[in-house]
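Trainee: One file: coords_38.cif (mmCIF, C-alpha atoms).
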```cif
data_my_file
#
loop_
_atom_site.label_atom_id
_atom_site.label_comp_id
_atom_site.auth_asym_id
_atom_site.auth_seq_id
_atom_site.Cartn_x
_atom_site.Cartn_y
_atom_site.Cartn_z
CA MET A 27 94.98 120.43 130.73
CA GLU A 28 96.75 117.06 130.72
CA PHE A 29 94.96 114.22 132.50
CA VAL A 30 96.92 111.39 134.07
CA SER A 31 95.43 107.96 134.48
CA PRO A 32 94.44 107.35 138.14
CA ALA A 33 96.14 103.96 137.98
CA ALA A 34 99.44 105.65 137.16
CA ARG A 35 99.09 108.44 139.70
CA ARG A 36 100.82 108.16 143.07
CA ILE A 37 98.36 108.61 145.89
CA ASP A 38 99.46 109.64 149.36
CA PRO A 39 97.87 107.14 151.81
CA GLN A 40 97.70 109.84 154.50
CA ALA A 41 95.65 112.04 152.22
CA ILE A 42 92.99 109.35 151.81
CA PRO A 43 91.50 108.33 155.20
CA ASN A 44 89.73 105.19 154.01
CA GLY A 45 88.96 103.01 151.00
CA ILE A 46 85.61 104.70 150.31
CA ASP A 47 87.25 108.08 149.83
CA LEU A 48 89.84 106.50 147.55
CA LEU A 49 87.08 104.94 145.41
CA GLN A 50 85.21 108.23 145.21
CA GLN A 51 88.34 110.07 144.10
CA ILE A 52 89.07 107.51 141.37
CA VAL A 53 85.48 107.71 140.10
CA ALA A 54 85.63 111.51 140.09
CA ASP A 55 88.87 111.47 138.11
CA LEU A 56 87.45 109.01 135.58
CA GLU A 57 84.32 111.12 135.10
CA SER A 58 86.46 114.20 134.59
CA GLU A 59 88.52 112.43 131.94
CA MET A 60 85.36 111.16 130.23
CA ASP A 61 83.89 114.67 130.11
CA GLN A 62 87.11 115.95 128.57
CA ARG A 63 87.04 113.26 125.87
CA ARG A 64 83.37 113.95 125.08
CA LYS A 65 84.32 117.52 124.22
CA GLN A 66 87.05 116.34 121.85
CA LEU A 67 85.10 113.60 120.04
CA PRO A 68 81.97 114.00 117.87
CA ASP A 69 78.70 112.89 119.36
CA LEU A 70 78.14 109.45 117.83
CA ARG A 71 74.45 109.57 118.69
CA THR A 72 73.76 112.28 116.13
CA CYS A 73 73.26 111.58 112.44
CA HIS A 74 75.91 113.74 110.81
CA SER A 75 75.62 113.73 107.05
CA ILE A 76 77.03 117.10 105.93
CA TYR A 77 80.77 117.65 106.22
CA LEU A 78 83.31 120.18 105.09
CA PHE A 79 85.52 118.90 102.30
CA PRO A 80 88.05 116.63 104.05
CA SER A 81 91.57 117.97 104.42
CA PHE A 82 93.12 114.56 103.71
CA LEU A 83 92.10 114.92 100.04
CA SER A 84 95.00 117.25 99.36
CA GLY A 85 95.95 118.28 95.87
CA ILE A 86 92.39 119.03 94.72
CA GLN A 87 91.94 122.49 93.22
CA GLU A 88 90.08 124.97 95.41
CA GLY A 89 87.53 125.63 92.65
CA VAL A 90 86.57 121.95 92.75
CA ARG A 91 86.52 121.73 96.55
CA GLN A 92 84.57 124.91 97.38
CA PRO A 93 81.60 126.73 95.80
CA LYS A 94 82.35 129.27 93.11
CA LEU A 95 78.98 130.99 92.68
CA ALA A 96 76.55 130.38 95.57
CA SER A 97 76.58 129.14 99.16
CA PHE A 98 73.95 126.83 100.62
CA GLY A 99 73.99 126.06 104.32
CA PRO A 100 76.23 127.51 107.04
CA TYR A 101 79.74 126.46 106.03
CA TYR A 102 80.39 129.01 103.27
CA LYS A 103 77.76 131.56 104.23
CA GLY A 104 79.13 135.10 104.08
CA ASN A 105 82.16 134.37 101.87
CA ASP A 106 82.87 137.56 99.92
CA HIS A 107 82.94 136.05 96.43
CA LEU A 108 79.57 134.35 97.03
CA LEU A 109 77.70 137.40 98.35
CA PRO A 110 76.54 138.74 94.92
CA PHE A 111 74.37 135.65 94.42
CA GLU A 112 72.38 136.34 97.63
CA GLU A 113 70.17 138.77 95.71
CA HIS A 114 69.12 136.00 93.31
CA LYS A 115 68.26 133.72 96.22
CA THR A 116 66.09 136.43 97.76
CA ASN A 117 64.24 136.95 94.47
CA PHE A 118 63.48 133.25 94.26
CA LEU A 119 62.36 133.26 97.91
CA TYR A 120 59.69 135.87 97.05
CA LYS A 121 58.53 133.83 94.04
CA PHE A 122 58.37 130.74 96.22
CA LEU A 123 56.29 132.49 98.88
CA GLU A 124 53.89 133.79 96.23
CA ARG A 125 52.91 130.19 95.50
CA ILE A 126 52.03 129.59 99.16
CA GLU A 127 48.89 130.88 100.82
CA LYS A 128 49.53 133.68 103.31
CA SER A 129 47.81 131.75 106.07
CA SER A 130 50.25 128.85 105.61
CA ARG A 131 53.47 130.88 105.76
CA PRO A 132 53.65 131.13 109.58
CA ASN A 133 53.16 127.36 109.85
CA LEU A 134 56.06 126.83 107.46
CA VAL A 135 58.40 128.96 109.56
CA GLN A 136 57.12 127.29 112.74
CA GLN A 137 57.91 123.89 111.28
CA LEU A 138 61.48 124.98 110.54
CA LEU A 139 61.84 126.26 114.11
CA LEU A 140 60.68 122.92 115.50
CA GLN A 141 63.18 121.07 113.33
CA GLU A 142 66.09 123.43 114.01
CA SER A 143 67.86 121.19 116.50
CA SER A 144 67.72 118.09 114.31
CA MET A 145 68.81 120.13 111.28
CA ARG A 146 71.85 121.42 113.16
CA ASP A 147 72.74 117.83 114.05
CA CYS A 148 73.04 117.05 110.34
CA TYR A 149 76.15 119.26 110.21
CA TYR A 150 79.37 117.76 111.52
CA GLU A 151 80.94 121.15 112.25
CA ASP A 152 79.67 123.26 115.14
CA THR A 153 76.94 125.71 114.09
CA ARG A 154 76.26 127.27 117.51
CA SER A 155 77.82 130.56 116.42
CA ILE A 156 74.76 131.09 114.21
CA SER A 157 71.71 132.35 116.09
CA SER A 158 68.42 130.49 115.93
CA GLU A 159 66.77 133.24 113.89
CA GLU A 160 69.65 133.46 111.43
CA PHE A 161 69.85 129.67 111.07
CA VAL A 162 66.14 129.27 110.31
CA LYS A 163 66.18 132.22 107.90
CA MET A 164 69.13 130.62 106.11
CA LEU A 165 67.28 127.31 105.76
CA LEU A 166 64.21 129.10 104.41
CA THR A 167 66.08 131.32 101.94
CA ASP A 168 68.50 128.68 100.63
CA GLY A 169 65.89 125.93 100.59
CA SER A 170 63.29 128.08 98.83
CA PHE A 171 65.77 128.99 96.12
CA ILE A 172 66.57 125.33 95.44
CA VAL A 173 62.92 124.24 95.41
CA GLU A 174 61.93 127.17 93.19
CA LEU A 175 64.80 126.37 90.83
CA PHE A 176 63.55 122.81 90.44
CA TYR A 177 59.93 124.01 90.09
CA GLN A 178 60.71 126.57 87.38
CA SER A 179 62.87 124.11 85.44
CA ALA A 180 60.21 121.37 85.52
CA ASN A 181 59.21 122.09 81.91
CA ASP A 182 62.29 123.81 80.52
CA LEU A 183 65.23 125.91 81.65
CA ASP A 184 64.57 129.65 81.76
CA THR A 185 67.10 131.46 79.59
CA THR A 186 66.13 134.79 81.21
CA TRP A 187 67.74 133.84 84.53
CA PRO A 188 70.56 136.36 85.16
CA TRP A 189 72.89 133.47 85.96
CA PHE A 190 71.73 131.15 83.15
CA ASN A 191 75.16 131.15 81.50
CA ASP A 192 76.62 129.99 84.83
CA LEU A 193 74.05 127.23 85.30
CA ASN A 194 76.62 124.41 85.23
CA THR A 195 78.66 126.25 87.85
CA LEU A 196 75.54 126.54 90.01
CA ILE A 197 74.76 122.83 89.56
CA ALA A 198 78.33 121.99 90.56
CA ASP A 199 77.94 124.14 93.69
CA LEU A 200 74.71 122.34 94.57
CA LEU A 201 76.62 119.03 94.49
CA LYS A 202 79.58 120.05 96.68
CA MET A 203 79.75 118.25 99.99
CA GLY A 204 80.08 121.23 102.33
CA ASN A 205 77.39 123.14 100.44
CA GLN A 206 74.39 120.98 101.30
CA LEU A 207 71.04 121.43 103.04
CA PRO A 208 69.32 118.53 104.82
CA PHE A 209 66.95 116.91 102.36
CA LEU A 210 64.14 117.09 104.92
CA VAL A 211 64.21 120.90 104.67
CA LEU A 212 63.77 120.75 100.89
CA GLU A 213 61.08 118.11 101.23
CA ASN A 214 58.99 120.18 103.65
CA LEU A 215 59.30 123.32 101.54
CA PHE A 216 58.41 121.41 98.40
CA HIS A 217 55.37 119.81 100.03
CA ALA A 218 54.17 123.21 101.25
CA SER A 219 54.36 124.63 97.72
CA CYS A 220 52.96 121.60 95.86
CA LYS A 221 49.21 121.34 96.36
CA THR A 222 48.90 118.05 94.47
CA CYS A 223 51.70 116.20 96.28
CA ASP A 224 51.04 113.63 98.96
CA GLN A 225 53.15 113.99 102.12
CA ALA A 226 54.35 110.38 101.92
CA THR A 227 55.56 110.61 98.33
CA SER A 228 56.53 114.28 98.00
CA TRP A 229 60.21 113.45 98.51
CA GLN A 230 60.12 111.18 95.46
CA ALA A 231 58.53 113.89 93.31
CA LEU A 232 61.15 116.37 94.52
CA SER A 233 63.93 113.86 93.74
CA THR A 234 62.62 113.43 90.20
CA LEU A 235 62.64 117.20 89.61
CA ALA A 236 66.14 117.54 91.04
CA LEU A 237 67.53 114.72 88.92
CA LYS A 238 65.99 116.19 85.79
CA ILE A 239 67.99 119.41 85.99
CA PHE A 240 71.11 117.54 87.13
CA ASN A 241 70.79 115.07 84.24
CA GLN A 242 70.28 117.87 81.76
CA ALA A 243 73.46 119.60 82.94
CA LEU A 244 75.40 116.33 82.75
CA GLY A 245 73.96 115.22 79.42
CA ARG A 246 72.18 112.15 80.80
CA PRO A 247 68.74 111.02 79.53
CA LEU A 248 66.04 113.30 80.93
CA ASN A 249 63.42 110.56 81.12
CA MET A 250 65.35 108.41 83.59
CA VAL A 251 63.01 107.08 86.28
CA PHE A 252 63.95 107.67 89.90
CA GLN A 253 64.23 104.21 91.43
CA ASN A 254 65.86 104.78 94.80
CA LYS A 255 63.55 103.59 97.59
CA GLN A 256 65.58 105.18 100.37
CA LYS A 257 65.20 108.86 101.18
CA PRO A 258 68.48 110.71 100.50
CA LYS A 259 70.34 112.74 103.09
CA HIS A 260 70.90 115.70 100.75
CA LEU A 261 71.25 116.52 97.05
CA LEU A 262 74.77 115.11 96.72
CA ASP A 263 73.61 111.85 98.26
CA LEU A 264 70.61 111.81 95.90
CA PHE A 265 72.68 112.31 92.76
CA ARG A 266 75.35 109.82 93.83
CA SER A 267 72.68 107.20 94.50
CA SER A 268 71.19 107.77 91.04
CA LEU A 269 74.52 106.87 89.45
CA LEU A 270 75.01 103.57 91.27
CA PRO A 271 74.63 100.40 89.19
CA ALA A 272 71.23 98.75 89.38
CA THR A 273 72.73 95.35 90.26
CA PRO A 274 73.50 94.83 93.95
CA LEU A 275 77.11 94.76 95.10
CA LYS A 276 78.49 91.21 95.33
CA ILE A 277 81.41 90.85 97.68
CA ASN A 278 84.33 88.83 96.36
CA CYS A 279 85.51 86.17 98.78
CA LYS A 280 88.67 85.34 96.86
CA ASP A 281 91.84 87.30 96.41
CA PHE A 282 92.14 89.40 93.29
CA PRO A 283 94.69 91.95 92.02
CA GLU A 284 94.17 95.50 93.26
CA SER A 285 95.81 96.94 90.16
CA ILE A 286 95.81 96.34 86.41
CA GLN A 287 97.97 97.48 83.53
CA CYS A 288 97.66 100.91 81.92
CA ALA A 289 95.62 101.55 78.79
CA GLU A 290 98.60 101.42 76.43
CA LEU A 291 99.77 98.02 77.69
CA LEU A 292 96.25 96.59 77.59
CA CYS A 293 95.81 97.71 73.99
CA ASN A 294 99.16 96.19 73.06
CA ALA A 295 97.97 92.93 74.65
CA GLY A 296 94.97 92.74 72.33
CA ILE A 297 92.31 94.49 74.41
CA THR A 298 90.21 97.04 72.54
CA LEU A 299 88.96 100.11 74.41
CA LYS A 300 85.36 100.83 73.48
CA ARG A 301 82.89 103.53 74.44
CA LYS A 302 79.88 102.04 76.23
CA LYS A 303 76.39 103.51 76.14
CA ALA A 304 75.14 103.44 79.74
CA ASN A 305 73.11 105.45 82.22
CA SER A 306 76.01 105.65 84.67
CA LEU A 307 79.72 106.20 84.17
CA LEU A 308 80.30 103.45 86.77
CA GLU A 309 79.11 100.66 84.46
CA ILE A 310 82.47 99.33 83.24
CA ASP A 311 82.37 95.97 81.47
CA PHE A 312 84.97 93.39 80.43
CA ARG A 313 84.14 89.85 79.33
CA LYS A 314 87.04 87.46 79.04
CA LEU A 315 84.93 84.74 77.36
CA ASN A 316 84.43 86.75 74.16
CA MET A 317 86.52 85.83 71.15
CA PRO A 318 89.55 88.08 70.69
CA PRO A 319 90.11 90.91 70.37
CA PHE A 320 88.65 91.41 73.84
CA SER A 321 86.82 94.64 74.66
CA LEU A 322 87.02 96.81 77.74
CA LYS A 323 83.85 98.88 77.56
CA ILE A 324 83.79 102.13 79.53
CA PRO A 325 81.05 104.80 79.53
CA PRO A 326 82.22 108.25 78.37
CA VAL A 327 83.31 110.76 80.98
CA ALA A 328 83.74 114.46 80.22
CA ILE A 329 86.59 115.84 82.28
CA ASP A 330 85.16 119.30 82.98
CA ASP A 331 84.36 121.28 86.13
CA LEU A 332 80.98 119.60 86.67
CA THR A 333 82.19 116.01 86.24
CA SER A 334 85.33 116.67 88.29
CA THR A 335 83.10 118.02 91.08
CA ILE A 336 80.87 114.94 90.96
CA LEU A 337 83.77 112.50 91.05
CA VAL A 338 85.69 114.25 93.80
CA HIS A 339 82.74 114.98 96.09
CA CYS A 340 81.15 111.55 95.71
CA VAL A 341 84.47 110.03 96.78
CA ALA A 342 84.71 112.49 99.68
CA LEU A 343 81.18 111.59 100.79
CA GLU A 344 82.01 107.87 100.67
CA GLN A 345 85.04 108.48 102.86
CA CYS A 346 83.07 110.45 105.46
CA LEU A 347 80.04 108.12 105.60
CA ARG A 348 81.60 104.81 106.56
CA SER A 349 78.44 102.77 106.01
CA THR A 350 78.13 103.98 102.41
CA SER A 351 79.28 101.78 99.52
CA LYS A 352 82.56 102.84 97.90
CA HIS A 353 81.53 102.74 94.23
CA PHE A 354 83.12 106.05 93.24
CA THR A 355 86.27 105.30 95.19
CA ALA A 356 86.58 102.01 93.27
CA TYR A 357 85.89 103.80 89.96
CA ILE A 358 88.63 106.37 90.58
CA ARG A 359 91.14 103.65 91.45
CA PHE A 360 90.26 101.67 88.32
CA MET A 361 90.61 104.70 86.04
CA ASN A 362 93.85 105.64 87.77
CA CYS A 363 95.23 102.21 86.85
CA LEU A 364 94.38 102.85 83.20
CA VAL A 365 95.70 106.42 83.10
CA ARG A 366 99.31 106.66 84.22
CA GLN A 367 100.93 108.70 81.46
CA PRO A 368 99.79 111.08 78.67
CA GLU A 369 99.89 108.26 76.11
CA ASP A 370 97.20 106.41 78.11
CA VAL A 371 94.96 109.50 78.00
CA ARG A 372 95.41 109.61 74.22
CA PHE A 373 94.24 106.00 73.93
CA LEU A 374 91.08 106.82 75.92
CA ARG A 375 90.50 110.01 73.94
CA THR A 376 90.83 108.13 70.65
CA ALA A 377 88.13 105.72 71.85
CA ASN A 378 85.92 108.72 72.83
CA ILE A 379 85.88 107.55 76.45
CA ILE A 380 87.53 110.65 77.90
CA THR A 381 86.00 113.75 76.30
CA ALA A 382 85.85 117.53 76.67
CA ILE A 383 89.59 117.99 77.20
CA GLN A 384 92.30 119.66 75.19
CA PRO A 385 95.58 117.94 74.23
CA ASP A 386 97.36 120.06 76.85
CA ASP A 387 95.02 118.75 79.59
CA HIS A 388 96.41 115.20 79.67
CA GLU A 389 98.45 115.90 82.80
CA TYR A 390 95.36 117.38 84.47
CA VAL A 391 93.47 114.12 83.96
CA ILE A 392 96.35 112.11 85.42
CA ASN A 393 96.72 114.44 88.41
CA LEU A 394 92.96 114.39 89.07
CA PHE A 395 92.86 110.60 89.42
CA ASP A 396 96.19 110.49 91.26
CA SER A 397 95.30 113.13 93.85
CA VAL A 398 92.04 111.39 94.75
CA ARG A 399 93.37 107.82 94.78
CA GLU A 400 96.44 108.49 96.90
CA ASN A 401 94.54 109.93 99.86
CA VAL A 402 91.51 107.68 100.31
CA HIS A 403 90.88 104.54 102.32
CA PHE A 404 89.98 101.61 100.10
CA ASN A 405 88.96 98.09 101.03
CA ALA A 406 89.42 95.76 98.07
CA ARG A 407 86.67 93.45 99.30
CA ASP A 408 84.13 96.24 98.81
CA CYS A 409 85.15 96.87 95.19
CA TYR A 410 82.26 96.43 92.77
CA LEU A 411 84.79 96.01 89.92
CA TRP A 412 86.53 92.98 91.46
CA LYS A 413 85.50 90.71 88.57
CA GLN A 414 86.86 93.14 85.98
CA TYR A 415 90.16 93.35 87.86
CA ARG A 416 90.45 89.59 88.03
CA GLU A 417 89.52 88.87 84.40
CA ILE A 418 91.71 91.60 82.92
CA ASP A 419 94.69 90.51 84.99
CA SER A 420 94.04 86.85 84.14
CA TYR A 421 93.96 87.62 80.42
CA TYR A 422 97.06 89.83 80.55
CA ASP A 423 99.02 86.95 82.11
CA SER A 424 97.78 84.49 79.48
CA PHE A 425 99.70 83.09 76.50
CA GLY A 426 97.31 84.87 74.12
CA ALA A 427 98.21 88.26 75.56
CA TYR A 428 101.91 87.33 75.31
CA ILE A 429 101.49 86.64 71.59
CA TRP A 430 99.65 89.94 71.04
CA CYS A 431 102.37 91.88 72.88
CA ASN A 432 105.08 90.28 70.77
CA LEU A 433 103.12 90.95 67.59
CA ALA A 434 102.80 94.58 68.60
CA GLY A 435 106.53 94.74 69.26
CA TYR A 436 107.29 92.92 66.02
CA ASN A 437 105.04 95.25 64.03
CA ALA A 438 106.71 98.27 65.59
CA LEU A 439 110.18 96.87 64.83
CA THR A 440 109.13 95.99 61.27
CA LEU A 441 107.83 99.51 60.78
CA VAL A 442 111.10 101.01 61.99
CA VAL A 443 113.20 98.72 59.80
CA SER A 444 110.97 99.32 56.78
CA THR A 445 111.12 103.07 57.27
CA LEU A 446 114.88 102.99 57.66
CA ALA A 447 115.26 100.87 54.51
CA ALA A 448 113.01 103.19 52.54
CA THR A 449 114.97 106.20 53.76
CA ILE A 450 118.28 104.62 52.73
CA ALA A 451 116.87 103.68 49.33
CA LEU A 452 115.51 107.19 48.78
CA GLY A 453 118.81 108.69 49.85
CA SER A 454 120.76 106.45 47.50
CA TRP A 455 118.48 107.38 44.60
CA LEU A 456 118.81 111.09 45.32
CA PHE A 457 122.57 110.77 45.63
CA THR A 458 122.76 108.94 42.29
CA TRP A 459 120.43 111.44 40.63
CA LEU A 460 122.33 114.44 41.88
CA LEU A 461 125.75 113.15 40.78
CA PRO A 462 126.99 114.87 37.61
CA LYS A 463 126.71 112.63 34.60
CA LYS A 464 129.87 111.90 32.70
#
```
What does this structure look like when you write it as structure tokens?

Mentor:
Amino acid sequence: MEFVSPAARRIDPQAIPNGIDLLQQIVADLESEMDQRRKQLPDLRTCHSIYLFPSFLSGIQEGVRQPKLASFGPYYKGNDHLLPFEEHKTNFLYKFLERIEKSSRPNLVQQLLLQESSMRDCYYEDTRSISSEEFVKMLLTDGSFIVELFYQSANDLDTTWPWFNDLNTLIADLLKMGNQLPFLVLENLFHASCKTCDQATSWQALSTLALKIFNQALGRPLNMVFQNKQKPKHLLDLFRSSLLPATPLKINCKDFPESIQCAELLCNAGITLKRKKANSLLEIDFRKLNMPPFSLKIPPVAIDDLTSTILVHCVALEQCLRSTSKHFTAYIRFMNCLVRQPEDVRFLRTANIITAIQPDDHEYVINLFDSVRENVHFNARDCYLWKQYREIDSYYDSFGAYIWCNLAGYNALTLVVSTLAATIALGSWLFTWLLPKK
């Protein structure tokens, strides 16, 4: 139904006997329009934190966007290719319940029932098609599996798990944006199963267990201390927060370039690409005050399914949660500046910055960064890498970089000329040697 503004609508004076009736009709029309708009817009009073993967991030492979092995939460529940894993979740549910006293089990279910409404509000998409019983059972089954997974992997990973060989795929599914459970559900289940945990600090203990298995899958140090003082919204939010630099974001008040040169041009200008040892792949460093050759230090990043999932879904989360810092968005844009052609990927591979790819995967790396960068909103003032942009661009425009570029060009020309001269000399010698002697 199309609503027309009352101000633009012609009103028959004979149809309205007096001014009071006219006012009442205008108010009624306005209220009707407001009700219609409320149905079309999300309720801003609710705290949505779990979204389906946004459609504006086009070009991302379906295997990166959606779960491959297991569903958690309502969005992908019942998908045919995910149904075989339901048996494993049920088995872990039974093991979880065995660690809880029988007298406490009804209280646990009752607590989930009391929190059902607030848990539904965490999901941006409408979940009313799922009955109350089915929704609570889903929270219990999916949440128990996750908590039991963290509990059993506290000491070491169990190689007898039927899906052990697919563990990285499972971890990737746990970190996909539309495949999340509210962290409060996991916290309550964890507290109910942990007899030594205090209610006030149980979420921190749970976060430490979760990060341990995530870090092990990603190859990060297992003894990293969980330092986030704010309770996460879900597992993706937890892992993203653990990767943020420890130093607070400083907003740049001055203009700075929003793009820099590609890796090949920077190397030709005298900048050395170096692998940096760091706890987070976001910790990129460039110091212009060092004596040349200058170094752009970048932590290694393995371009595989797990890392691609982390990068893409952290960016997607930053785009959906407007109040969240845009660290991963800035990282993707920076790396996209460096990687514009296959030769740039080779430079980063030679420096052991980009790893776990085959020579034929260079285009995949370029397309991954391109497809994310082209479809996201980015405010340059919120970029945590603003100083690196400014100093790299400043150096590239300097006389020193000009000299390095010319030297690189001169060396290349000298090599070509030398090779050509050597070829001519060798050809002349062969020609002379092959001529019949008189």

Trainee: Taking into account only C-alpha atoms, which residue in the set A:Leu261, A:Leu175, A:Ile297, A:Leu235 is nearest to Ala427 of chain A?

Mentor: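 Ranking A:Leu261, A:Leu175, A:Ile297, A:Leu235 by distance to Ala427 of chain A, first place goes to A:Ile297.
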
Trainee: Might you spell out which residues the PyMOL selection byres ((chain A and resi 98) around 9) would select in the displayed file, as a ChimeraX atom specification?

Mentor: /A:96-97,99-103,164-165,168-169,199-200,204-207

Trainee: Create the file for the chosen residues now, containing C-alpha atoms and written as an mmCIF file, keeping the file's coordinate frame.

Mentor:
```
data_model
loop_
_atom_site.group_PDB
_atom_site.id
_atom_site.type_symbol
_atom_site.label_atom_id
_atom_site.label_comp_id
_atom_site.auth_asym_id
_atom_site.auth_seq_id
_atom_site.Cartn_x
_atom_site.Cartn_y
_atom_site.Cartn_z
ATOM 1 C CA ALA A 96 76.550 130.380 95.570
ATOM 2 C CA SER A 97 76.580 129.140 99.160
ATOM 3 C CA GLY A 99 73.990 126.060 104.320
ATOM 4 C CA PRO A 100 76.230 127.510 107.040
ATOM 5 C CA TYR A 101 79.740 126.460 106.030
ATOM 6 C CA TYR A 102 80.390 129.010 103.270
ATOM 7 C CA LYS A 103 77.760 131.560 104.230
ATOM 8 C CA MET A 164 69.130 130.620 106.110
ATOM 9 C CA LEU A 165 67.280 127.310 105.760
ATOM 10 C CA ASP A 168 68.500 128.680 100.630
ATOM 11 C CA GLY A 169 65.890 125.930 100.590
ATOM 12 C CA ASP A 199 77.940 124.140 93.690
ATOM 13 C CA LEU A 200 74.710 122.340 94.570
ATOM 14 C CA GLY A 204 80.080 121.230 102.330
ATOM 15 C CA ASN A 205 77.390 123.140 100.440
ATOM 16 C CA GLN A 206 74.390 120.980 101.300
ATOM 17 C CA LEU A 207 71.040 121.430 103.040
#
```

Trainee: Rounded to one decimal place, report the atom CA of Val341 of chain A-atom CA of Gln141 of chain A distance in Å.

Mentor: 29.1 Å

Trainee: Using atom CA of Ile239 of chain A and atom CA of Asp182 of chain A as the two end points, give the distance in Å to one decimal.

Mentor: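 Atom-to-atom, atom CA of Ile239 of chain A and atom CA of Asp182 of chain A are spaced 9.0 Å apart.
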
Trainee: For the atom pair atom CA of Glu309 of chain A and atom CA of Ile324 of chain A, what is the interatomic distance in Å to one decimal place?

Mentor: 7.0 Å

Trainee: Since I can't run it myself right now, could you work out what the PyMOL selection byres ((chain A and resi 178) around 12) selects here and report it as a PyMOL selection string?

Mentor: chain A and resi 118+121-122+125+170-177+179-187+235-236+238-239

Trainee: For the structure provided, state which residues fall under the PyMOL selection byres ((chain A and resi 330) around 10), and present them as a PDB file with C-alpha atoms, keeping the file's coordinate frame.

Mentor:
```
ATOM      1  CA  VAL A 327      83.310 110.760  80.980  1.00  0.00           C
ATOM      2  CA  ALA A 328      83.740 114.460  80.220  1.00  0.00           C
ATOM      3  CA  ILE A 329      86.590 115.840  82.280  1.00  0.00           C
ATOM      4  CA  ASP A 331      84.360 121.280  86.130  1.00  0.00           C
ATOM      5  CA  LEU A 332      80.980 119.600  86.670  1.00  0.00           C
ATOM      6  CA  THR A 333      82.190 116.010  86.240  1.00  0.00           C
ATOM      7  CA  SER A 334      85.330 116.670  88.290  1.00  0.00           C
ATOM      8  CA  THR A 335      83.100 118.020  91.080  1.00  0.00           C
ATOM      9  CA  THR A 381      86.000 113.750  76.300  1.00  0.00           C
ATOM     10  CA  ALA A 382      85.850 117.530  76.670  1.00  0.00           C
ATOM     11  CA  ILE A 383      89.590 117.990  77.200  1.00  0.00           C
ATOM     12  CA  VAL A 391      93.470 114.120  83.960  1.00  0.00           C
TER      13      VAL A 391
END
```

Trainee: Could the centre and edge lengths of an axis-aligned box, enclosing all atoms of segment 365-384 of chain A in the file with 3 Å extra on each side, be given in Å to one decimal as JSON?

Mentor:
```
{"center_x": 93.4, "center_y": 112.7, "center_z": 77.4, "size_x": 21.1, "size_y": 19.9, "size_z": 19.6}
```

Trainee: With distances taken over only C-alpha atoms, which of A:Lys303, A:Arg375, A:His353, A:His217 is nearest to Ser267 of chain A?

Mentor: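 Smallest separation from Ser267 of chain A among the options: A:His353.
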
Trainee: Rank A:Glu389, A:Ala289, A:Glu284, A:Leu322 by their smallest atom-to-atom distance to Ala356 of chain A, using all atoms listed in the file, and report the top residue only.

Mentor: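 Checking each candidate against Ala356 of chain A, we get A:Glu284 as the closest.
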
Trainee: Emit segment 119-127 of chain A of the structure in the block as a file comprising N, CA, C and O atoms, as a JSON list (two decimals), in the first residue's frame.

Mentor:
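Wrote it out as result36.json, contents follow:
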```json
[["chain", "number", "residue", "atom", "x", "y", "z"],
["A", 119, "LEU", "N", 26.55, -33.01, 23.44],
["A", 119, "LEU", "CA", 25.52, -32.57, 24.38],
["A", 119, "LEU", "C", 25.41, -33.55, 25.54],
["A", 119, "LEU", "O", 25.34, -33.16, 26.71],
["A", 120, "TYR", "N", 25.40, -34.86, 25.23],
["A", 120, "TYR", "CA", 25.29, -35.88, 26.28],
["A", 120, "TYR", "C", 26.51, -35.83, 27.20],
["A", 120, "TYR", "O", 26.39, -35.95, 28.44],
["A", 121, "LYS", "N", 27.70, -35.65, 26.62],
["A", 121, "LYS", "CA", 28.91, -35.57, 27.44],
["A", 121, "LYS", "C", 28.89, -34.31, 28.32],
["A", 121, "LYS", "O", 29.34, -34.35, 29.47],
["A", 122, "PHE", "N", 28.35, -33.25, 27.77],
["A", 122, "PHE", "CA", 28.23, -32.02, 28.56],
["A", 122, "PHE", "C", 27.29, -32.21, 29.74],
["A", 122, "PHE", "O", 27.60, -31.82, 30.87],
["A", 123, "LEU", "N", 26.14, -32.83, 29.49],
["A", 123, "LEU", "CA", 25.15, -33.03, 30.55],
["A", 123, "LEU", "C", 25.66, -33.99, 31.62],
["A", 123, "LEU", "O", 25.25, -33.89, 32.79],
["A", 124, "GLU", "N", 26.54, -34.91, 31.24],
["A", 124, "GLU", "CA", 27.09, -35.84, 32.23],
["A", 124, "GLU", "C", 27.94, -35.11, 33.27],
["A", 124, "GLU", "O", 28.11, -35.60, 34.39],
["A", 125, "ARG", "N", 28.46, -33.96, 32.92],
["A", 125, "ARG", "CA", 29.29, -33.20, 33.86],
["A", 125, "ARG", "C", 28.45, -32.26, 34.74],
["A", 125, "ARG", "O", 29.00, -31.53, 35.56],
["A", 126, "ILE", "N", 27.15, -32.28, 34.55],
["A", 126, "ILE", "CA", 26.24, -31.44, 35.33],
["A", 126, "ILE", "C", 25.35, -32.31, 36.19],
["A", 126, "ILE", "O", 24.83, -33.34, 35.72],
["A", 127, "GLU", "N", 25.16, -31.94, 37.42],
["A", 127, "GLU", "CA", 24.30, -32.71, 38.31],
["A", 127, "GLU", "C", 22.87, -32.73, 37.78],
["A", 127, "GLU", "O", 22.39, -31.74, 37.24]]
```
